[in-house]
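Source file: run.pdb; contents: PDB, C-alpha atoms.
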ATOM      1  CA  LEU X 106     -25.173 -29.881 -28.063
ATOM      2  CA  TYR X 107     -22.210 -32.115 -27.394
ATOM      3  CA  ILE X 108     -22.760 -34.764 -24.765
ATOM      4  CA  PRO X 109     -19.741 -36.939 -23.899
ATOM      5  CA  THR X 110     -20.271 -40.650 -24.472
ATOM      6  CA  ILE X 111     -17.050 -41.807 -22.831
ATOM      7  CA  SER X 112     -16.628 -41.802 -19.109
ATOM      8  CA  VAL X 113     -13.488 -42.498 -17.133
ATOM      9  CA  GLU X 114     -12.752 -43.104 -13.507
ATOM     10  CA  GLY X 115     -11.571 -39.986 -11.752
ATOM     11  CA  ASP X 116     -11.493 -38.205  -8.460
ATOM     12  CA  GLY X 117     -12.831 -34.853  -9.538
ATOM     13  CA  ALA X 118     -14.220 -32.958 -12.474
ATOM     14  CA  VAL X 119     -12.483 -31.330 -15.420
ATOM     15  CA  GLN X 120     -14.248 -28.665 -17.469
ATOM     16  CA  PRO X 121     -12.588 -27.220 -20.564
ATOM     17  CA  PHE X 122     -13.852 -23.891 -21.873
ATOM     18  CA  GLY X 123     -12.975 -21.360 -24.508
ATOM     19  CA  ASP X 124     -13.291 -17.647 -25.017
ATOM     20  CA  ASN X 125     -13.371 -15.584 -28.186
ATOM     21  CA  PRO X 126     -13.663 -11.959 -29.252
ATOM     22  CA  PHE X 127     -16.823 -12.451 -31.325
ATOM     23  CA  ASP X 128     -19.371 -12.843 -28.561
ATOM     24  CA  ASP X 129     -20.474 -10.541 -25.790
ATOM     25  CA  ALA X 130     -19.380 -12.936 -23.047
ATOM     26  CA  THR X 131     -16.151 -12.412 -21.165
ATOM     27  CA  VAL X 132     -15.968 -16.032 -20.076
ATOM     28  CA  THR X 133     -12.384 -16.124 -18.816
ATOM     29  CA  GLU X 134     -12.540 -12.776 -17.033
ATOM     30  CA  ASN X 135     -15.776 -13.832 -15.319
ATOM     31  CA  THR X 136     -14.139 -17.130 -14.350
ATOM     32  CA  TYR X 137     -11.121 -15.340 -12.883
ATOM     33  CA  LEU X 138     -13.408 -12.989 -10.954
ATOM     34  CA  GLN X 139     -15.454 -15.879  -9.574
ATOM     35  CA  LEU X 140     -12.302 -17.693  -8.482
ATOM     36  CA  ILE X 141     -10.987 -14.609  -6.682
ATOM     37  CA  ASN X 142     -14.333 -13.637  -5.135
ATOM     38  CA  ASN X 143     -15.133 -17.152  -3.891
ATOM     39  CA  ALA X 144     -11.739 -17.858  -2.335
ATOM     40  CA  GLU X 145     -11.807 -18.525   1.390
ATOM     41  CA  LYS X 146      -8.105 -19.164   2.112
ATOM     42  CA  TYR X 147      -5.895 -18.352  -0.832
ATOM     43  CA  VAL X 148      -5.620 -17.414  -4.500
ATOM     44  CA  TRP X 149      -2.252 -18.206  -6.067
ATOM     45  CA  ILE X 150      -1.601 -17.039  -9.606
ATOM     46  CA  THR X 151       1.133 -17.393 -12.204
ATOM     47  CA  THR X 152       1.031 -15.112 -15.223
ATOM     48  CA  PRO X 153       3.609 -13.765 -17.657
ATOM     49  CA  TYR X 154       1.715 -10.477 -18.001
ATOM     50  CA  LEU X 155       0.034  -8.777 -15.059
ATOM     51  CA  ILE X 156      -2.013  -6.011 -16.662
ATOM     52  CA  PRO X 157      -5.410  -6.446 -15.000
ATOM     53  CA  ASP X 158      -8.386  -4.249 -15.729
ATOM     54  CA  ASP X 159     -10.185  -2.440 -12.914
ATOM     55  CA  SER X 160     -12.531  -5.323 -12.074
ATOM     56  CA  ILE X 161      -9.733  -7.870 -11.608
ATOM     57  CA  THR X 162      -7.564  -5.324  -9.773
ATOM     58  CA  ASP X 163     -10.430  -4.497  -7.409
ATOM     59  CA  ALA X 164     -11.199  -8.191  -6.815
ATOM     60  CA  LEU X 165      -7.558  -8.995  -5.995
ATOM     61  CA  LYS X 166      -7.285  -6.002  -3.660
ATOM     62  CA  THR X 167     -10.573  -6.806  -1.927
ATOM     63  CA  ALA X 168      -9.572 -10.439  -1.425
ATOM     64  CA  ALA X 169      -6.202  -9.481   0.059
ATOM     65  CA  LYS X 170      -7.808  -6.910   2.365
ATOM     66  CA  ALA X 171     -10.251  -9.596   3.533
ATOM     67  CA  GLY X 172      -7.336 -11.779   4.652
ATOM     68  CA  ILE X 173      -7.145 -14.061   1.623
ATOM     69  CA  ASP X 174      -3.545 -15.067   0.829
ATOM     70  CA  VAL X 175      -3.132 -13.612  -2.669
ATOM     71  CA  ARG X 176       0.191 -14.455  -4.336
ATOM     72  CA  ILE X 177       1.160 -13.725  -7.908
ATOM     73  CA  ILE X 178       4.279 -14.964  -9.686
ATOM     74  CA  THR X 179       5.431 -13.039 -12.765
ATOM     75  CA  PRO X 180       8.692 -13.334 -14.728
ATOM     76  CA  HIS X 181      11.869 -11.569 -13.674
ATOM     77  CA  ILE X 182      13.263 -11.866 -17.191
ATOM     78  CA  PRO X 183      10.856 -10.458 -19.792
ATOM     79  CA  ASP X 184      10.061 -11.562 -23.301
ATOM     80  CA  LYS X 185       8.685  -8.098 -24.168
ATOM     81  CA  LYS X 186      10.274  -5.204 -22.303
ATOM     82  CA  SER X 187       7.375  -2.773 -22.750
ATOM     83  CA  VAL X 188       4.843  -5.296 -21.407
ATOM     84  CA  PHE X 189       7.239  -6.120 -18.570
ATOM     85  CA  GLU X 190       7.337  -2.453 -17.568
ATOM     86  CA  VAL X 191       3.531  -2.267 -17.590
ATOM     87  CA  THR X 192       3.369  -5.460 -15.502
ATOM     88  CA  ARG X 193       5.713  -3.926 -12.939
ATOM     89  CA  SER X 194       3.729  -0.672 -12.947
ATOM     90  CA  ASN X 195       0.811  -2.592 -11.414
ATOM     91  CA  TYR X 196       2.746  -3.971  -8.444
ATOM     92  CA  ALA X 197       2.425  -1.062  -6.001
ATOM     93  CA  THR X 198      -1.349  -0.690  -6.075
ATOM     94  CA  LEU X 199      -1.799  -4.432  -5.510
ATOM     95  CA  MET X 200       0.882  -4.696  -2.809
ATOM     96  CA  GLU X 201      -0.584  -1.746  -0.890
ATOM     97  CA  SER X 202      -3.681  -3.910  -0.392
ATOM     98  CA  GLY X 203      -1.701  -6.945   0.758
ATOM     99  CA  VAL X 204      -1.204  -8.850  -2.498
ATOM    100  CA  LYS X 205       2.196 -10.574  -2.522
ATOM    101  CA  ILE X 206       4.073 -10.427  -5.815
ATOM    102  CA  TYR X 207       7.076 -12.544  -6.732
ATOM    103  CA  GLU X 208       9.315 -12.595  -9.800
ATOM    104  CA  PHE X 209      10.565 -15.934 -11.106
ATOM    105  CA  THR X 210      14.328 -15.392 -11.279
ATOM    106  CA  PRO X 211      15.694 -18.260 -13.439
ATOM    107  CA  GLY X 212      13.977 -17.036 -16.588
ATOM    108  CA  PHE X 213      10.717 -16.231 -18.263
ATOM    109  CA  ILE X 214       7.636 -17.901 -16.763
ATOM    110  CA  HIS X 215       4.844 -18.401 -19.245
ATOM    111  CA  SER X 216       2.275 -20.377 -17.255
ATOM    112  CA  LYS X 217      -1.197 -18.941 -16.708
ATOM    113  CA  MET X 218      -2.736 -20.529 -13.641
ATOM    114  CA  PHE X 219      -5.140 -19.747 -10.802
ATOM    115  CA  LEU X 220      -5.073 -22.087  -7.778
ATOM    116  CA  VAL X 221      -7.735 -21.592  -5.114
ATOM    117  CA  ASP X 222      -8.136 -23.210  -1.674
ATOM    118  CA  ASP X 223      -6.749 -26.659  -2.669
ATOM    119  CA  GLU X 224     -10.092 -27.197  -4.426
ATOM    120  CA  VAL X 225     -10.114 -25.463  -7.802
ATOM    121  CA  CYS X 226      -7.498 -24.746 -10.438
ATOM    122  CA  CYS X 227      -7.783 -22.955 -13.773
ATOM    123  CA  ILE X 228      -4.993 -23.467 -16.302
ATOM    124  CA  GLY X 229      -5.004 -22.196 -19.842
ATOM    125  CA  THR X 230      -3.735 -19.777 -22.437
ATOM    126  CA  THR X 231      -5.270 -16.560 -21.094
ATOM    127  CA  ASN X 232      -2.957 -13.874 -19.762
ATOM    128  CA  ILE X 233      -4.168 -11.233 -17.343
ATOM    129  CA  ASP X 234      -4.211  -8.473 -19.940
ATOM    130  CA  TYR X 235      -6.629  -6.729 -22.265
ATOM    131  CA  ARG X 236      -5.577  -8.566 -25.410
ATOM    132  CA  SER X 237      -6.039 -12.034 -23.918
ATOM    133  CA  LEU X 238      -9.258 -11.241 -22.094
ATOM    134  CA  TYR X 239     -11.010  -9.389 -24.919
ATOM    135  CA  LEU X 240      -9.270  -9.809 -28.292
ATOM    136  CA  HIS X 241      -7.834 -13.328 -28.540
ATOM    137  CA  PHE X 242      -9.148 -16.842 -28.901
ATOM    138  CA  GLU X 243      -8.202 -18.595 -25.662
ATOM    139  CA  LEU X 244      -8.633 -22.051 -24.114
ATOM    140  CA  SER X 245      -8.605 -23.069 -20.475
ATOM    141  CA  VAL X 246      -9.516 -25.972 -18.265
ATOM    142  CA  MET X 247     -11.015 -25.942 -14.769
ATOM    143  CA  LEU X 248     -10.109 -28.688 -12.322
ATOM    144  CA  TYR X 249     -12.494 -29.292  -9.419
ATOM    145  CA  GLY X 250     -11.508 -31.524  -6.515
ATOM    146  CA  CYS X 251      -8.921 -33.449  -8.559
ATOM    147  CA  SER X 252      -5.939 -35.062  -6.828
ATOM    148  CA  SER X 253      -3.725 -33.416  -9.480
ATOM    149  CA  ILE X 254      -4.403 -30.080  -7.754
ATOM    150  CA  LYS X 255      -2.047 -31.202  -4.966
ATOM    151  CA  GLU X 256       0.756 -31.667  -7.523
ATOM    152  CA  ILE X 257      -0.014 -28.272  -9.049
ATOM    153  CA  LYS X 258       0.267 -26.731  -5.589
ATOM    154  CA  ARG X 259       3.627 -28.459  -5.040
ATOM    155  CA  ASP X 260       4.793 -27.093  -8.389
ATOM    156  CA  PHE X 261       3.700 -23.587  -7.365
ATOM    157  CA  ASP X 262       5.671 -23.970  -4.116
ATOM    158  CA  ARG X 263       8.794 -25.061  -6.054
ATOM    159  CA  THR X 264       8.363 -22.117  -8.417
ATOM    160  CA  LEU X 265       7.916 -19.760  -5.466
ATOM    161  CA  MET X 266      11.228 -20.961  -4.002
ATOM    162  CA  LEU X 267      12.908 -19.852  -7.250
ATOM    163  CA  SER X 268      11.237 -16.452  -7.113
ATOM    164  CA  ARG X 269      12.124 -13.174  -5.428
ATOM    165  CA  GLU X 270       9.429 -11.348  -3.477
ATOM    166  CA  GLN X 271       8.878  -7.781  -4.560
ATOM    167  CA  THR X 272       8.257  -5.216  -1.837
ATOM    168  CA  LEU X 273       6.885  -1.717  -1.721
ATOM    169  CA  GLN X 274      10.360  -0.556  -0.729
ATOM    170  CA  ILE X 275      11.810  -2.050  -3.934
ATOM    171  CA  VAL X 276       8.969  -0.720  -6.090
ATOM    172  CA  ARG X 277       9.161   2.787  -4.685
ATOM    173  CA  LYS X 278      12.911   3.080  -5.304
ATOM    174  CA  ILE X 279      12.501   3.266  -9.074
ATOM    175  CA  SER X 280      13.687   6.385 -10.832
ATOM    176  CA  LEU X 281      11.461   9.152 -12.127
ATOM    177  CA  TYR X 282      12.502   8.199 -15.668
ATOM    178  CA  THR X 283      11.330   4.601 -15.139
ATOM    179  CA  ARG X 284       8.042   5.796 -13.629
ATOM    180  CA  LEU X 285       7.441   8.034 -16.628
ATOM    181  CA  LYS X 286       8.338   5.237 -19.057
ATOM    182  CA  ARG X 287       5.936   2.842 -17.309
ATOM    183  CA  PHE X 288       3.184   5.463 -17.357
ATOM    184  CA  VAL X 289       3.556   5.931 -21.115
ATOM    185  CA  PHE X 290       3.648   2.174 -21.767
ATOM    186  CA  LYS X 291       0.565   1.721 -19.580
ATOM    187  CA  LEU X 292      -1.367   4.243 -21.659
ATOM    188  CA  PHE X 293      -0.769   2.076 -24.718
ATOM    189  CA  SER X 294      -0.990  -1.313 -22.973
ATOM    190  CA  PRO X 295      -4.081  -2.575 -24.859
ATOM    191  CA  ALA X 296      -2.062  -2.267 -28.072
ATOM    192  CA  LEU X 297       1.099  -3.955 -26.716
TER     193      LEU X 297
END
I'd like the structure from this file rewritten - as structure tokens, please.
Amino acid sequence: LYIPTISVEGDGAVQPFGDNPFDDATVTENTYLQLINNAEKYVWITTPYLIPDDSITDALKTAAKAGIDVRIITPHIPDKKSVFEVTRSNYATLMESGVKIYEFTPGFIHSKMFLVDDEVCCIGTTNIDYRSLYLHFELSVMLYGCSSIKEIKRDFDRTLMLSREQTLQIVRKISLYTRLKRFVFKLFSPAL
């Protein structure tokens, strides 16, 4: 058991944690679910890959339907086109429940962050996809009641100003070919 011997002055708590594929615990997924389910005002997320499993999808939809302000920023310019198509294939079902989705237009956004109610923030290496949640070694840090959360929120706001909101009207205008392509990519998304 590691017990820290150094203490520093601070205005909140910081808790690092890791996740790995060799145990039966889905630490990061459970953390994300707790953050979403315990939100009272808002859940703001940045992620390069939005390929949630059913439990995260259901939690996001339930939160939005309950009046929680759920916003997600993804990239507008992809690093992997197949993963980008799968990410976009998840927009409609989330937006139909009231989740707001934005694409960062200047380039690829690679940050993975959950910000909840000005109180809690989780930042780390874990994407919202099968590979990150179940197959990779990942590290994250939780911030509780830290003044730095205000700066993170300001950064999210600046990023949001550089992002374009996606709408159901935009999503539903895609061609049949693109829909079919996204469907095929989604079938193989755990391997992407």
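All protein, DNA and RNA residues at most 8 Å from (-14.4, -29.4, -17.3) are X:Ala118, X:Val119, X:Gln120, X:Pro121, X:Phe122, X:Val246, X:Met247, X:Leu248, using only C-alpha atoms.
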Quick one: apply the PyMOL selection byres ((chain X and resi 262) around 12) to the file and drop the selected residues here as a PyMOL selection string.
chain X and resi 149-151+176-178+207+209+220+255-261+263-268
Wanna dump the region 203-251 of chain X-region 139-146 of chain X contacts at 8 Å for me, each residue with its shortest atom pair and the distance in Å to one decimal, counting only C-alpha atoms, ordered by chain and number, as JSON lines?
{"residue": "X:Phe219", "atom": "CA", "partner": "X:Leu140", "partner_atom": "CA", "distance": 7.8}
{"residue": "X:Val221", "atom": "CA", "partner": "X:Ala144", "partner_atom": "CA", "distance": 6.1}
{"residue": "X:Asp222", "atom": "CA", "partner": "X:Lys146", "partner_atom": "CA", "distance": 5.5}
Running the PyMOL selection byres ((chain X and resi 214) around 6) on this model by hand, what would come out? Give it as a list in words.
Pro153, Pro180, Phe213, His215 and Ser216 of chain X
Selected by the PyMOL selection byres ((chain X and resi 238) around 10) in the shown coordinates: which residues, as an MDAnalysis selection string?
chainID X and resid 124:126 131:135 157:158 231:237 239:243
Using only C-alpha atoms, which residues sit within 6 Å of Lys217 (chain X) once same-chain residues fewer than 3 positions away are excluded, as a JSON list (two decimals) with C-alpha atoms, keeping the file's coordinate frame?
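Okay, result_32.json is ready:
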[["chain", "number", "residue", "atom", "x", "y", "z"],
["X", 151, "THR", "CA", 1.13, -17.39, -12.20],
["X", 152, "THR", "CA", 1.03, -15.11, -15.22],
["X", 228, "ILE", "CA", -4.99, -23.47, -16.30],
["X", 229, "GLY", "CA", -5.00, -22.20, -19.84]]
Box for region 164-180 of chain X - axis-aligned, 5 Å on each of the six sides, all listed atoms - centre and size in Å to one decimal, as AutoDock Vina command-line options.
--center_x -1.3 --center_y -10.5 --center_z -5.0 --size_x 29.9 --size_y 19.1 --size_z 29.4
One decimal, in Å: what's the spacing between CA of Ala197 (chain X) and CA of Thr136 (chain X)?
24.5 Å
Å distance separating CA of Ser252 (chain X) from CA of Ile206 (chain X), one decimal place:
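Result for CA of Ser252 (chain X) versus CA of Ile206 (chain X): 26.6 Å, one decimal.
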Measuring atom to atom with all atoms listed in the file, identify which of X:Glu208, X:Gly250, X:Thr192, X:Ser160 is nearest to Leu138 (chain X).
X:Ser160
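Put simply, CA of Pro183 (chain X) is 9.3 Å away from CA of Tyr154 (chain X).
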Pick from X:Met218, X:Arg193, X:Glu224, X:Val204 nearest to Ile275 (chain X), counting only C-alpha atoms
X:Arg193
